[in-house]
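Peer 1: Can you keep this structure in mind? I'll have questions shortly.
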Amino acid sequence: MKKFRFCYTLTVWLLLALVAILSTIGLVWNIFNLSQTLKIGGFKVFSYSIIIVLTAFLLIFSISIAVYGKYVVKDGCVYSYFGFVKSKFNIQDVSEITHFKKSNKLVVYFTDNSYTVIVISPEFYSDFVLSLREQNKSIVYNVKIDGEDTPNS
């Protein structure tokens with residue numbers, strides 16, 4: 001089993017931090033409001049409770065994305081963990097892996113003509129490709145300069 005952490009851009013880190021900060025503020029504010037309305041009771045207690053649950057979930061989800069974003073290669077599949085969201089693809093369905101040099105992106109193409117961009121640090125591209133090719137020798141690996149297949153107009 002090999003693990004490869006997501007390599008988020010600065011913009012993604014800033015957005016995750018912003019979501020975490022705003023959800024923390026919302027959580028604290030609504031706990032305060034709930035404590036004030038507990039004496040009164042009624043519908044406001046219910047609505048503040050729902051908002052507290054939602055902001056707490058949003059805070060936990062944003063933290064889990066920041067901490068637990070990774071690819072795991074094991075048992076003939078690649079598992080992608082994005083916080084609580086898990087997806088997988090079968091390595092036998094991979095037909096080609098292309099490293100686009102200019103944009104420095106690694107793209108995995110499948111036999112059904114779909115593709116996915118692998119979001120890991122470029123220094124781990126070769127390890128990722130090797131770990132997939134260990135389990136499927138027929139995977140073609142290409143290195144291209146972006147736009148080299150684009151005709152001049």
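We name chains A, B, ... following the order of the structure tokens; residues begin at 1 in each chain, and ligands are numbered from 1 as shown.
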Residues within 12 Å of stretch 6-10 of chain A, please, as a list of chain:residue names. Count only C-alpha atoms; anything in the same chain fewer than 6 positions from it doesn't count.

Peer 2: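 Once the nearby chain positions are removed, what remains is A:Leu16, A:Ala17, A:Ile65, A:Ala66, A:Val67, A:Tyr68, A:Gly69, A:Lys70, A:Tyr71, A:Val72, A:Ser80, A:Tyr81, A:Phe82, A:Gly83, A:Lys105, A:Val117, A:Ile118, A:Val119, A:Ile120, A:Ser121, A:Pro122, A:Glu123, A:Phe124, A:Tyr125.
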
Peer 1: Can you list, as a PyMOL selection string, every residue of chain A that DSSP puts in helix (DSSP H, G or I)?

Peer 2: chain A and resi 10-37+43-68+91-93+122-135

Peer 1: Do you know which residues are at most 10 Å from A:Gly26 counting only C-alpha atoms, after dropping those on the same chain fewer than 6 positions away, and could you put them as a list of chain:residue names?

Peer 2: A:Ala20, A:Phe32, A:Ile51, A:Ile52, A:Leu54, A:Thr55, A:Ala56, A:Leu59

Peer 1: Restricting it to all heavy atoms, dump the selection as a CSV table (one decimal), in the first residue's frame.

Peer 2:
```
chain,number,residue,atom,x,y,z
A,20,ALA,N,-13.1,27.3,7.5
A,20,ALA,CA,-12.9,26.9,8.9
A,20,ALA,C,-13.1,28.0,9.8
A,20,ALA,O,-13.8,27.9,10.9
A,20,ALA,CB,-11.5,26.3,9.1
A,32,PHE,N,-23.8,30.8,21.5
A,32,PHE,CA,-24.2,31.9,22.3
A,32,PHE,C,-25.7,32.2,22.2
A,32,PHE,O,-26.4,32.4,23.2
A,32,PHE,CB,-23.4,33.2,22.0
A,32,PHE,CG,-23.8,34.4,22.7
A,32,PHE,CD1,-23.5,34.6,24.0
A,32,PHE,CD2,-24.5,35.4,22.0
A,32,PHE,CE1,-23.9,35.8,24.7
A,32,PHE,CE2,-24.9,36.5,22.6
A,32,PHE,CZ,-24.6,36.7,24.0
A,51,ILE,N,-28.6,24.9,13.1
A,51,ILE,CA,-27.5,25.7,12.6
A,51,ILE,C,-26.1,25.3,13.3
A,51,ILE,O,-25.1,25.3,12.6
A,51,ILE,CB,-27.7,27.2,12.8
A,51,ILE,CG1,-28.9,27.6,11.9
A,51,ILE,CG2,-26.5,28.1,12.4
A,51,ILE,CD1,-29.4,29.0,12.1
A,52,ILE,N,-26.2,25.0,14.5
A,52,ILE,CA,-25.0,24.6,15.3
A,52,ILE,C,-24.5,23.3,14.7
A,52,ILE,O,-23.3,23.1,14.4
A,52,ILE,CB,-25.3,24.4,16.8
A,52,ILE,CG1,-25.4,25.8,17.4
A,52,ILE,CG2,-24.2,23.6,17.5
A,52,ILE,CD1,-25.9,25.8,18.8
A,54,LEU,N,-25.0,22.1,11.6
A,54,LEU,CA,-24.5,22.3,10.3
A,54,LEU,C,-23.2,23.0,10.3
A,54,LEU,O,-22.3,22.6,9.5
A,54,LEU,CB,-25.5,23.1,9.5
A,54,LEU,CG,-26.8,22.4,9.1
A,54,LEU,CD1,-27.8,23.4,8.4
A,54,LEU,CD2,-26.6,21.2,8.3
A,55,THR,N,-23.0,24.0,11.1
A,55,THR,CA,-21.7,24.7,11.1
A,55,THR,C,-20.6,23.8,11.7
A,55,THR,O,-19.4,23.9,11.3
A,55,THR,CB,-21.7,26.0,11.9
A,55,THR,OG1,-22.3,25.8,13.2
A,55,THR,CG2,-22.6,27.1,11.2
A,56,ALA,N,-20.9,23.0,12.7
A,56,ALA,CA,-20.0,22.0,13.2
A,56,ALA,C,-19.6,21.0,12.2
A,56,ALA,O,-18.4,20.7,12.0
A,56,ALA,CB,-20.6,21.3,14.5
A,59,LEU,N,-17.2,22.7,9.7
A,59,LEU,CA,-15.9,22.9,10.3
A,59,LEU,C,-15.1,21.6,10.3
A,59,LEU,O,-14.0,21.5,9.8
A,59,LEU,CB,-16.0,23.4,11.7
A,59,LEU,CG,-14.7,23.5,12.5
A,59,LEU,CD1,-13.8,24.5,11.9
A,59,LEU,CD2,-15.0,23.9,14.0
```

Peer 1: A:Ile50, A:Val85, A:Ile139, A:Val73: which is nearest A:Thr98, counting only C-alpha atoms?

Peer 2: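 Checking each candidate against A:Thr98, we get A:Ile139 as the closest.
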
Peer 1: May I ask for the distance between atom CA of A:Leu14 and atom CA of A:Ser103, given in Å to one decimal place?

Peer 2: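 The value is 21.5 Å.
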
Peer 1: Got a sec: who's within 7 Å of stretch 130-136 of chain A, counting only C-alpha atoms, leaving out chain neighbours fewer than 4 positions off, as a CSV table (one decimal) with N, CA and C atoms, in the first residue's frame?

Peer 2:
```
chain,number,residue,atom,x,y,z
A,76,GLY,N,-5.0,-3.4,-6.2
A,76,GLY,CA,-5.4,-3.2,-7.6
A,76,GLY,C,-6.3,-2.0,-7.9
A,91,ILE,N,-7.1,-0.1,-11.3
A,91,ILE,CA,-5.9,0.2,-12.0
A,91,ILE,C,-5.9,-0.6,-13.4
A,92,GLN,N,-6.7,-1.6,-13.5
A,92,GLN,CA,-6.8,-2.3,-14.8
A,92,GLN,C,-7.5,-1.5,-15.8
A,126,SER,N,6.7,10.2,-10.4
A,126,SER,CA,7.3,9.0,-10.8
A,126,SER,C,7.0,7.8,-9.9
```

Peer 1: For A:Ser114, work out the shell of residues within 12 Å, counting only C-alpha atoms and skipping chain neighbours fewer than 5 positions away, then give it as a list in words.

Peer 2: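 Counting only the stated atoms, we get Phe89, Asp93, Val94, Ser95, Glu96, Ile97, Val107, Val108 and Tyr109 of chain A.
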
Peer 1: Output the selection as a compact mmCIF listing (two decimals), in the first residue's frame - C-alpha atoms for each residue.

Peer 2:
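Saved the output as selection-v8.txt:
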```
# COMPACT_ATOMS: atom_id res chain seq x y z
CA PHE A 89 -10.81 3.45 -9.68
CA ASP A 93 -9.05 0.34 -16.27
CA VAL A 94 -6.10 2.73 -16.73
CA SER A 95 -4.81 2.88 -20.30
CA GLU A 96 -2.38 5.78 -20.18
CA ILE A 97 -0.73 8.27 -17.84
CA VAL A 107 -3.38 12.98 -16.02
CA VAL A 108 -4.66 9.40 -15.87
CA TYR A 109 -6.67 8.21 -18.90
```

Peer 1: Mind listing the strand (DSSP E or B) residues of stretch 45-144 of chain A, per DSSP on the backbone, as an NGL selection string?

Peer 2: :A and (70-74 or 77-82 or 85-90 or 94-100 or 105-110 or 115-118 or 120 or 140-144)

Peer 1: Take the residues from that selection and write them out as a short mmCIF file (atom, residue, chain, number, x, y, z; two decimals), in the first residue's frame, keeping N, CA and C atoms.

Peer 2:
```cif
data_model
loop_
_atom_site.label_atom_id
_atom_site.label_comp_id
_atom_site.auth_asym_id
_atom_site.auth_seq_id
_atom_site.Cartn_x
_atom_site.Cartn_y
_atom_site.Cartn_z
N LYS A 70 -5.83 12.41 0.30
CA LYS A 70 -4.73 11.58 -0.20
C LYS A 70 -5.24 10.55 -1.19
N TYR A 71 -4.29 9.98 -1.92
CA TYR A 71 -4.52 8.82 -2.77
C TYR A 71 -3.84 7.64 -2.11
N VAL A 72 -4.51 6.49 -2.15
CA VAL A 72 -3.93 5.26 -1.62
C VAL A 72 -4.00 4.21 -2.72
N VAL A 73 -2.84 3.63 -3.04
CA VAL A 73 -2.77 2.57 -4.05
C VAL A 73 -2.66 1.24 -3.32
N LYS A 74 -3.72 0.41 -3.45
CA LYS A 74 -3.70 -0.91 -2.81
C LYS A 74 -4.74 -1.82 -3.45
N CYS A 77 -6.44 -1.11 -6.87
CA CYS A 77 -7.26 0.09 -7.02
C CYS A 77 -6.52 1.31 -6.48
N VAL A 78 -6.96 2.47 -6.94
CA VAL A 78 -6.49 3.73 -6.38
C VAL A 78 -7.68 4.35 -5.67
N TYR A 79 -7.52 4.56 -4.37
CA TYR A 79 -8.57 5.17 -3.56
C TYR A 79 -8.22 6.63 -3.36
N SER A 80 -9.20 7.48 -3.57
CA SER A 80 -9.03 8.91 -3.39
C SER A 80 -9.86 9.33 -2.18
N TYR A 81 -9.19 9.84 -1.16
CA TYR A 81 -9.87 10.30 0.05
C TYR A 81 -9.85 11.83 0.05
N PHE A 82 -11.03 12.41 0.02
CA PHE A 82 -11.19 13.86 0.04
C PHE A 82 -12.06 14.18 1.24
N VAL A 85 -15.23 11.99 1.87
CA VAL A 85 -15.63 11.47 0.57
C VAL A 85 -14.52 10.55 0.04
N LYS A 86 -14.94 9.34 -0.32
CA LYS A 86 -13.98 8.33 -0.81
C LYS A 86 -14.44 7.87 -2.18
N SER A 87 -13.50 7.81 -3.10
CA SER A 87 -13.80 7.25 -4.41
C SER A 87 -12.65 6.33 -4.81
N LYS A 88 -12.88 5.53 -5.83
CA LYS A 88 -11.82 4.62 -6.25
C LYS A 88 -11.93 4.37 -7.74
N PHE A 89 -10.79 3.97 -8.32
CA PHE A 89 -10.81 3.45 -9.68
C PHE A 89 -9.88 2.25 -9.75
N ASN A 90 -10.24 1.34 -10.64
CA ASN A 90 -9.49 0.11 -10.82
C ASN A 90 -8.27 0.39 -11.69
N VAL A 94 -6.98 1.65 -16.29
CA VAL A 94 -6.10 2.73 -16.73
C VAL A 94 -5.41 2.32 -18.02
N SER A 95 -5.48 3.19 -19.03
CA SER A 95 -4.81 2.88 -20.30
C SER A 95 -3.54 3.70 -20.48
N GLU A 96 -3.52 4.90 -19.94
CA GLU A 96 -2.38 5.78 -20.18
C GLU A 96 -2.25 6.80 -19.06
N ILE A 97 -1.02 7.19 -18.78
CA ILE A 97 -0.73 8.27 -17.84
C ILE A 97 0.14 9.27 -18.59
N THR A 98 -0.25 10.53 -18.56
CA THR A 98 0.49 11.57 -19.27
C THR A 98 0.91 12.66 -18.30
N HIS A 99 2.18 13.01 -18.36
CA HIS A 99 2.70 14.15 -17.59
C HIS A 99 2.85 15.32 -18.55
N PHE A 100 2.04 16.34 -18.35
CA PHE A 100 2.11 17.55 -19.16
C PHE A 100 3.14 18.47 -18.51
N LYS A 105 1.16 18.87 -14.82
CA LYS A 105 -0.01 18.10 -14.38
C LYS A 105 0.16 16.65 -14.79
N LEU A 106 -0.33 15.77 -13.94
CA LEU A 106 -0.33 14.34 -14.21
C LEU A 106 -1.77 13.92 -14.46
N VAL A 107 -2.03 13.34 -15.63
CA VAL A 107 -3.38 12.98 -16.02
C VAL A 107 -3.44 11.47 -16.27
N VAL A 108 -4.45 10.83 -15.69
CA VAL A 108 -4.66 9.40 -15.87
C VAL A 108 -5.85 9.23 -16.82
N TYR A 109 -5.62 8.50 -17.92
CA TYR A 109 -6.67 8.21 -18.90
C TYR A 109 -7.14 6.77 -18.72
N PHE A 110 -8.46 6.58 -18.89
CA PHE A 110 -9.06 5.27 -18.70
C PHE A 110 -9.50 4.68 -20.04
N TYR A 115 -10.97 10.63 -17.99
CA TYR A 115 -9.67 10.90 -17.40
C TYR A 115 -9.84 11.59 -16.06
N THR A 116 -8.76 11.63 -15.31
CA THR A 116 -8.73 12.36 -14.05
C THR A 116 -7.34 12.97 -13.88
N VAL A 117 -7.30 14.13 -13.25
CA VAL A 117 -6.03 14.80 -12.97
C VAL A 117 -5.62 14.41 -11.55
N ILE A 118 -4.40 13.95 -11.41
CA ILE A 118 -3.88 13.54 -10.11
C ILE A 118 -3.26 14.76 -9.44
N ILE A 120 -1.13 15.59 -6.79
CA ILE A 120 -0.08 15.32 -5.81
C ILE A 120 1.11 16.20 -6.16
N VAL A 140 0.53 2.89 -20.54
CA VAL A 140 1.47 3.67 -21.34
C VAL A 140 1.74 4.97 -20.59
N TYR A 141 3.02 5.33 -20.48
CA TYR A 141 3.40 6.59 -19.82
C TYR A 141 3.97 7.54 -20.87
N ASN A 142 3.41 8.75 -20.92
CA ASN A 142 3.86 9.77 -21.87
C ASN A 142 4.24 11.04 -21.15
N VAL A 143 5.17 11.75 -21.73
CA VAL A 143 5.51 13.10 -21.28
C VAL A 143 5.29 14.01 -22.47
N LYS A 144 4.46 15.04 -22.29
CA LYS A 144 4.14 15.94 -23.39
C LYS A 144 4.32 17.38 -22.95
#
```

Peer 1: Which value, in Å to one decimal, gives the distance between atom CA of A:Phe61 and atom CA of A:Leu18?

Peer 2: 12.9 Å

Peer 1: Between atom CA of A:Asn104 and atom CA of A:Ile145, what distance in Å does the model show, to one decimal?

Peer 2: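 Interatomic distance here is 9.2 Å.
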
Peer 1: Extract, using only C-alpha atoms, all DNA, RNA and protein residues at most 10 Å from A:Leu58, discarding same-chain residues fewer than 4 positions from it, and format them as a ChimeraX atom specification.

Peer 2: /A:19-20,22-24,27,52-54,62-64

Peer 1: Between A:Tyr48, A:Lys101, A:Thr11, A:Asp112, which residue has the minimum interatomic distance to A:Trp29, considering only C-alpha atoms?

Peer 2: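 Once distances to A:Trp29 are computed over only C-alpha atoms, the minimum belongs to A:Tyr48.
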